[in-house]
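K.L.:
Take a look at work_19.cif, mmCIF, C-alpha atoms:
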data_query
#
loop_
_atom_site.label_atom_id
_atom_site.label_comp_id
_atom_site.auth_asym_id
_atom_site.auth_seq_id
_atom_site.Cartn_x
_atom_site.Cartn_y
_atom_site.Cartn_z
CA MET K 21 74.92 55.09 -63.84
CA PRO K 22 77.68 57.63 -63.08
CA ILE K 23 80.46 55.60 -64.69
CA SER K 24 84.06 56.65 -64.20
CA SER K 25 85.65 58.86 -66.81
CA LYS K 26 87.87 55.95 -67.86
CA MET K 27 84.75 53.98 -68.85
CA ALA K 28 82.85 56.85 -70.48
CA THR K 29 81.59 55.95 -73.94
CA THR K 30 82.12 59.39 -75.44
CA VAL K 31 85.42 61.24 -75.64
CA LEU K 32 86.53 64.65 -76.80
CA ALA K 33 88.15 63.63 -80.07
CA LEU K 34 90.32 66.69 -80.41
CA SER K 35 93.74 65.60 -79.09
CA LEU K 36 96.66 64.97 -81.39
CA LEU K 37 97.94 61.47 -81.87
CA ARG K 38 101.68 61.05 -81.35
CA GLY K 39 102.11 59.75 -84.85
CA GLY K 40 101.01 63.03 -86.41
CA SER K 41 97.37 62.26 -87.11
CA ALA K 42 95.24 65.19 -86.08
CA PHE K 43 92.40 63.60 -84.15
CA VAL K 44 91.75 60.68 -81.86
CA PRO K 45 89.11 58.54 -83.61
CA PHE K 46 85.68 58.16 -82.06
CA PRO K 47 84.75 54.83 -80.49
CA PRO K 48 81.94 52.93 -82.25
CA ALA K 49 78.61 54.71 -81.98
CA ARG K 50 76.53 53.34 -79.17
CA ILE K 51 72.79 53.85 -79.20
CA GLY K 52 71.05 53.11 -75.94
CA TYR K 53 69.27 54.77 -73.08
CA ARG K 54 72.43 56.66 -72.07
CA VAL K 55 72.57 58.17 -75.53
CA LEU K 56 69.04 58.54 -76.70
CA GLY K 57 67.43 59.13 -73.32
CA SER K 58 65.47 56.43 -71.55
CA ARG K 59 63.14 58.93 -69.98
CA MET K 60 61.58 59.66 -73.37
CA SER K 61 58.66 57.54 -74.42
CA MET K 62 58.72 56.41 -78.02
CA SER K 63 55.03 55.64 -78.00
CA SER K 64 53.93 59.26 -77.95
CA GLY K 65 55.21 62.73 -78.64
CA PRO K 66 55.82 64.99 -81.65
CA SER K 67 55.88 63.65 -85.19
CA MET K 68 59.20 62.29 -86.41
CA PRO K 69 61.41 64.47 -88.70
CA ALA K 70 61.81 61.69 -91.29
CA SER K 71 59.94 58.69 -92.62
CA GLU K 72 59.82 55.47 -90.61
CA GLU K 73 62.32 53.86 -93.01
CA GLU K 74 64.70 56.83 -92.71
CA MET K 75 64.50 57.24 -88.93
CA PRO K 76 67.16 54.62 -87.99
CA PHE K 77 69.72 56.62 -89.99
CA TYR K 78 68.40 59.88 -88.61
CA ALA K 79 68.91 58.35 -85.16
CA LEU K 80 72.54 57.68 -86.09
CA GLY K 81 72.95 61.38 -86.85
CA VAL K 82 71.36 62.31 -83.53
CA ASN K 83 73.70 59.93 -81.72
CA LEU K 84 76.84 61.31 -83.40
CA ALA K 85 75.76 64.90 -82.79
CA ARG K 86 75.05 64.25 -79.13
CA GLN K 87 78.39 62.55 -78.60
CA LEU K 88 80.34 65.43 -80.09
CA GLY K 89 77.86 68.20 -79.33
CA GLY K 90 78.09 67.72 -75.59
CA GLN K 91 81.80 68.46 -75.80
CA VAL K 92 81.83 71.50 -78.07
CA LYS K 93 78.32 72.95 -78.31
CA ASP K 94 79.17 75.73 -75.86
CA LEU K 95 82.50 76.45 -77.52
CA ILE K 96 81.48 77.21 -81.11
CA ASP K 97 78.97 79.69 -82.47
CA GLU K 98 76.21 79.19 -85.04
CA ASP K 99 78.34 80.09 -88.07
CA GLU K 100 81.11 77.76 -86.91
CA THR K 101 78.57 75.00 -86.41
CA GLU K 102 77.50 75.38 -90.05
CA ILE K 103 81.13 74.96 -91.14
CA VAL K 104 81.40 71.78 -89.07
CA LEU K 105 78.22 70.41 -90.66
CA ARG K 106 79.49 71.24 -94.15
CA ALA K 107 82.78 69.44 -93.45
CA PHE K 108 80.91 66.44 -92.05
CA GLY K 109 78.81 66.19 -95.21
CA ASP K 110 81.82 66.61 -97.52
CA THR K 111 83.71 63.92 -95.64
CA MET K 112 80.81 61.47 -95.59
CA ARG K 113 80.26 61.97 -99.34
CA GLY K 114 83.97 61.48 -100.05
CA THR K 115 84.33 64.77 -101.92
CA LEU K 116 87.48 65.89 -100.10
CA ALA K 117 90.67 65.23 -102.05
CA ASP K 118 92.95 64.90 -99.01
CA PRO K 119 91.16 65.03 -95.63
CA GLN K 120 94.24 63.82 -93.74
CA THR K 121 96.22 66.89 -94.83
CA ILE K 122 93.45 69.12 -93.52
CA LEU K 123 93.50 67.35 -90.17
CA VAL K 124 97.27 67.49 -89.80
CA LYS K 125 97.49 71.16 -90.80
CA TYR K 126 94.47 72.58 -89.00
CA GLY K 127 93.88 70.13 -86.16
CA PRO K 128 96.44 71.76 -83.85
CA GLN K 129 94.92 75.19 -84.48
CA LEU K 130 91.49 73.85 -83.59
CA ASN K 131 92.81 72.26 -80.42
CA THR K 132 94.30 75.59 -79.34
CA ILE K 133 91.10 77.52 -80.06
CA LEU K 134 88.87 75.06 -78.22
CA GLN K 135 91.24 74.77 -75.27
CA GLU K 136 91.29 78.54 -74.79
CA ARG K 137 87.51 78.74 -74.97
CA SER K 138 87.08 75.70 -72.73
CA ASN K 139 89.33 77.18 -70.03
CA SER K 140 87.14 80.26 -69.88
CA VAL K 141 83.94 78.17 -69.62
CA VAL K 142 85.44 75.92 -66.94
CA GLU K 143 86.51 78.88 -64.81
CA ARG K 144 83.01 80.36 -64.86
CA THR K 145 81.42 76.97 -64.17
CA LYS K 146 83.65 76.25 -61.19
CA LYS K 147 83.09 79.70 -59.71
CA ALA K 148 79.32 79.24 -59.88
CA ALA K 149 79.67 75.78 -58.32
CA ASP K 150 81.74 77.15 -55.42
CA GLU K 151 78.99 79.66 -54.67
CA TYR K 152 76.33 76.93 -54.85
CA VAL K 153 78.22 74.68 -52.45
CA GLU K 154 78.80 77.44 -49.92
CA ASN K 155 75.10 78.27 -49.95
CA PHE K 156 74.15 74.58 -49.63
CA LEU K 157 76.42 74.15 -46.61
CA ALA K 158 75.03 77.28 -45.00
CA CYS K 159 71.45 76.03 -45.45
CA ASN K 160 72.10 72.43 -44.38
CA GLU K 161 73.86 72.22 -41.03
CA GLU K 162 74.05 68.42 -41.20
CA ALA K 163 76.01 68.55 -44.48
CA VAL K 164 79.77 68.02 -44.36
CA ARG K 165 82.50 68.74 -46.87
CA THR K 166 85.24 66.14 -46.89
CA GLU K 167 88.91 66.75 -47.50
CA SER K 168 88.48 65.84 -51.17
CA GLY K 169 85.77 68.48 -51.65
CA LEU K 170 82.81 66.09 -51.69
CA VAL K 171 79.71 67.38 -49.95
CA TYR K 172 77.82 64.64 -48.08
CA CYS K 173 74.41 65.29 -46.57
CA SER K 174 72.56 62.40 -44.91
CA MET K 175 68.81 62.39 -45.52
CA VAL K 176 68.04 59.04 -43.90
CA GLU K 177 70.55 57.19 -41.73
CA GLY K 178 70.96 53.56 -42.70
CA THR K 179 71.39 50.72 -40.22
CA GLY K 180 72.75 47.93 -42.40
CA LYS K 181 76.08 47.06 -43.94
CA GLN K 182 78.48 49.81 -44.97
CA PRO K 183 80.15 49.24 -48.36
CA ALA K 184 83.79 49.27 -49.28
CA VAL K 185 84.99 50.38 -52.71
CA THR K 186 85.53 46.71 -53.59
CA ASP K 187 81.85 45.86 -52.98
CA THR K 188 78.89 45.78 -55.35
CA VAL K 189 75.98 48.01 -54.40
CA GLU K 190 72.30 48.19 -55.33
CA VAL K 191 71.00 51.74 -55.38
CA HIS K 192 68.43 54.19 -56.58
CA TYR K 193 69.83 57.54 -57.67
CA HIS K 194 68.70 60.84 -59.14
CA GLY K 195 71.44 62.89 -60.79
CA THR K 196 71.08 66.58 -61.60
CA LEU K 197 73.18 69.53 -62.64
CA LEU K 198 73.27 72.42 -60.20
CA THR K 199 70.57 74.06 -62.34
CA GLY K 200 68.24 71.20 -61.40
CA GLU K 201 68.30 69.64 -64.86
CA VAL K 202 68.20 65.85 -64.65
CA PHE K 203 70.93 64.07 -66.61
CA ASP K 204 70.42 60.52 -65.32
CA SER K 205 68.01 58.86 -62.90
CA SER K 206 67.24 55.27 -61.97
CA VAL K 207 64.29 56.72 -60.05
CA ASP K 208 62.80 58.06 -63.29
CA ARG K 209 63.38 54.71 -64.94
CA GLY K 210 61.65 52.98 -62.04
CA GLN K 211 64.34 50.36 -61.55
CA THR K 212 67.25 50.08 -59.12
CA ILE K 213 70.69 49.33 -60.47
CA SER K 214 73.62 47.25 -59.18
CA PHE K 215 77.28 47.79 -60.01
CA PRO K 216 80.77 47.50 -58.53
CA LEU K 217 81.48 50.66 -56.58
CA SER K 218 84.98 50.73 -58.05
CA ASN K 219 83.51 51.37 -61.53
CA VAL K 220 81.89 54.71 -60.77
CA ILE K 221 83.16 58.27 -60.38
CA LYS K 222 85.36 59.13 -57.40
CA GLY K 223 82.61 61.17 -55.74
CA TRP K 224 80.42 58.08 -55.61
CA GLN K 225 83.23 55.84 -54.45
CA GLU K 226 83.77 58.12 -51.47
CA GLY K 227 80.17 59.17 -50.80
CA VAL K 228 78.41 55.81 -51.08
CA ALA K 229 81.12 54.28 -48.89
CA MET K 230 79.98 56.70 -46.16
CA MET K 231 76.44 55.26 -46.27
CA LYS K 232 74.86 52.14 -44.79
CA GLU K 233 72.15 49.91 -46.23
CA GLY K 234 68.77 51.58 -45.87
CA GLY K 235 70.31 55.04 -45.96
CA LYS K 236 69.70 57.93 -48.29
CA ALA K 237 72.02 60.87 -48.88
CA THR K 238 72.74 63.83 -51.10
CA LEU K 239 76.16 63.87 -52.73
CA ILE K 240 77.57 66.99 -54.37
CA CYS K 241 80.56 65.99 -56.46
CA PRO K 242 82.94 68.69 -57.71
CA SER K 243 84.26 68.18 -61.21
CA ASP K 244 87.53 66.57 -60.14
CA LEU K 245 85.46 63.87 -58.41
CA ALA K 246 83.15 63.54 -61.41
CA TYR K 247 84.01 64.03 -65.10
CA GLY K 248 86.71 66.67 -64.80
CA GLU K 249 87.29 69.37 -67.36
CA THR K 250 86.17 67.15 -70.23
CA GLY K 251 82.58 66.54 -69.15
CA SER K 252 80.50 63.63 -70.40
CA GLY K 253 77.88 63.36 -73.11
CA ASP K 254 75.64 66.21 -74.16
CA LEU K 255 74.49 67.35 -70.70
CA ILE K 256 77.49 67.23 -68.37
CA GLY K 257 79.72 70.06 -69.49
CA PRO K 258 83.41 70.69 -68.78
CA GLY K 259 84.07 71.41 -65.10
CA ALA K 260 80.52 70.53 -64.05
CA THR K 261 79.71 69.86 -60.40
CA LEU K 262 77.05 67.15 -60.06
CA LYS K 263 74.39 66.57 -57.44
CA PHE K 264 72.98 63.14 -56.63
CA GLU K 265 70.33 61.79 -54.29
CA VAL K 266 71.36 58.21 -53.57
CA GLU K 267 69.44 55.49 -51.72
CA LEU K 268 71.47 52.42 -50.78
CA PHE K 269 69.52 49.15 -50.73
CA LYS K 270 72.07 46.35 -50.68
CA VAL K 271 75.80 45.74 -50.32
CA SER K 272 77.34 42.50 -51.58
#
In structure tokens, what does this structure look like?
P.N.:
Amino acid sequence: MPISSKMATTVLALSLLRGGSAFVPFPPARIGYRVLGSRMSMSSGPSMPASEEEMPFYALGVNLARQLGGQVKDLIDEDETEIVLRAFGDTMRGTLADPQTILVKYGPQLNTILQERSNSVVERTKKAADEYVENFLACNEEAVRTESGLVYCSMVEGTGKQPAVTDTVEVHYHGTLLTGEVFDSSVDRGQTISFPLSNVIKGWQEGVAMMKEGGKATLICPSDLAYGETGSGDLIGPGATLKFEVELFKVS
């Protein structure tokens, strides 16, 4: 479900706390289909990288890496990644004499480095998205771009009730990056989902409210109507524009 950025379960833990601590702490690790990928079948596939008894803890490592990795994986190189892994191990083993001093002294420098690199990535991402949207509009005469920047393209016109942001909706959706890579899909899971429209990203609040029951539409949500310059998880990067095919079944 394309939850709003306020409800996202992963955050970029690289902002300074007012009290002088270097990093915002992570929320509790959450392992579920949003983290580990519901589209993957656990009954088949490649052999596991650890024993059956070790795999739950290996899964914890995967979860932590995906939470943080989605935020910084495009901002640090291979050598820098090795330094991060070494620091993680030292911290987990308790071999650092004064980790708080390290955070206070070097946290601001890290924030500056990552912000500079992130700005460059976001600029390139948004430029590519602008080109994609212009091409989409040129190829789909029925598509409209609203004042907010949302692109709405009706695929099937509905005839039922039209939702308000205060309503709960039942939908099927298929969410992709502009590259075509799927990041979330109730269609792939084979089960519709219901949720309050007010709890999802702004692009959905606006776009689904333009639909009627029985309708199907494509929504292209620029980053400021999606997850902004922070991104979400390991697939939706900073400044990413998202594309959804949404089918509206019920409004209540």
K.L.:
Taking into account only C-alpha atoms, which residue in the set K:Ile240, K:Lys270, K:Gly253, K:Leu80 is nearest to Ala163 of chain K?
P.N.:
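Once distances to Ala163 of chain K are computed over only C-alpha atoms, the minimum belongs to K:Ile240.
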K.L.:
Convert the output of the PyMOL selection byres ((chain K and resi 172) around 10) on the shown file into explicit residues, formatted as JSON, numbers by chain.
P.N.:
{"K": [157, 162, 163, 164, 165, 166, 169, 170, 171, 173, 174, 175, 223, 226, 227, 228, 230, 231, 237, 238, 239, 240, 241, 264]}
K.L.:
Generate a file of the selected residues that holds C-alpha atoms, formatted as a PDB file, in the coordinates of the input.
P.N.:
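Result written to out09.pdb:
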ATOM      1  CA  LEU K 157      76.420  74.150 -46.610  1.00  0.00           C
ATOM      2  CA  GLU K 162      74.050  68.420 -41.200  1.00  0.00           C
ATOM      3  CA  ALA K 163      76.010  68.550 -44.480  1.00  0.00           C
ATOM      4  CA  VAL K 164      79.770  68.020 -44.360  1.00  0.00           C
ATOM      5  CA  ARG K 165      82.500  68.740 -46.870  1.00  0.00           C
ATOM      6  CA  THR K 166      85.240  66.140 -46.890  1.00  0.00           C
ATOM      7  CA  GLY K 169      85.770  68.480 -51.650  1.00  0.00           C
ATOM      8  CA  LEU K 170      82.810  66.090 -51.690  1.00  0.00           C
ATOM      9  CA  VAL K 171      79.710  67.380 -49.950  1.00  0.00           C
ATOM     10  CA  CYS K 173      74.410  65.290 -46.570  1.00  0.00           C
ATOM     11  CA  SER K 174      72.560  62.400 -44.910  1.00  0.00           C
ATOM     12  CA  MET K 175      68.810  62.390 -45.520  1.00  0.00           C
ATOM     13  CA  GLY K 223      82.610  61.170 -55.740  1.00  0.00           C
ATOM     14  CA  GLU K 226      83.770  58.120 -51.470  1.00  0.00           C
ATOM     15  CA  GLY K 227      80.170  59.170 -50.800  1.00  0.00           C
ATOM     16  CA  VAL K 228      78.410  55.810 -51.080  1.00  0.00           C
ATOM     17  CA  MET K 230      79.980  56.700 -46.160  1.00  0.00           C
ATOM     18  CA  MET K 231      76.440  55.260 -46.270  1.00  0.00           C
ATOM     19  CA  ALA K 237      72.020  60.870 -48.880  1.00  0.00           C
ATOM     20  CA  THR K 238      72.740  63.830 -51.100  1.00  0.00           C
ATOM     21  CA  LEU K 239      76.160  63.870 -52.730  1.00  0.00           C
ATOM     22  CA  ILE K 240      77.570  66.990 -54.370  1.00  0.00           C
ATOM     23  CA  CYS K 241      80.560  65.990 -56.460  1.00  0.00           C
ATOM     24  CA  PHE K 264      72.980  63.140 -56.630  1.00  0.00           C
TER      25      PHE K 264
END
K.L.:
Please, what distance in Å, to one decimal, runs between atom CA of Ser168 of chain K and atom CA of Glu154 of chain K?
P.N.:
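Distance between the two atoms: 15.2 Å.
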K.L.:
Run through the PyMOL selection byres ((chain K and resi 184-199) around 7) on the given coordinates and return the selected residues as an MDAnalysis selection string.
P.N.:
chainID K and resid 182:183 200:207 212:218 225 229 261:272
K.L.:
Might you spell out which residues the PyMOL selection byres ((chain K and resi 235) around 6) would select in the displayed file, as a PyMOL selection string?
P.N.:
chain K and resi 176-178+232-234+236+267-268
K.L.:
Near Ala148 of chain K, counting all atoms listed in the file, which residues have an atom at most 10 Å away, once you skip same-chain residues fewer than 4 positions from it, shown as a list of chain:residue names?
P.N.:
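In the requested format, the answer is K:Val142, K:Glu143, K:Arg144, K:Tyr152, K:Val153, K:Leu198, K:Ala260, K:Thr261.
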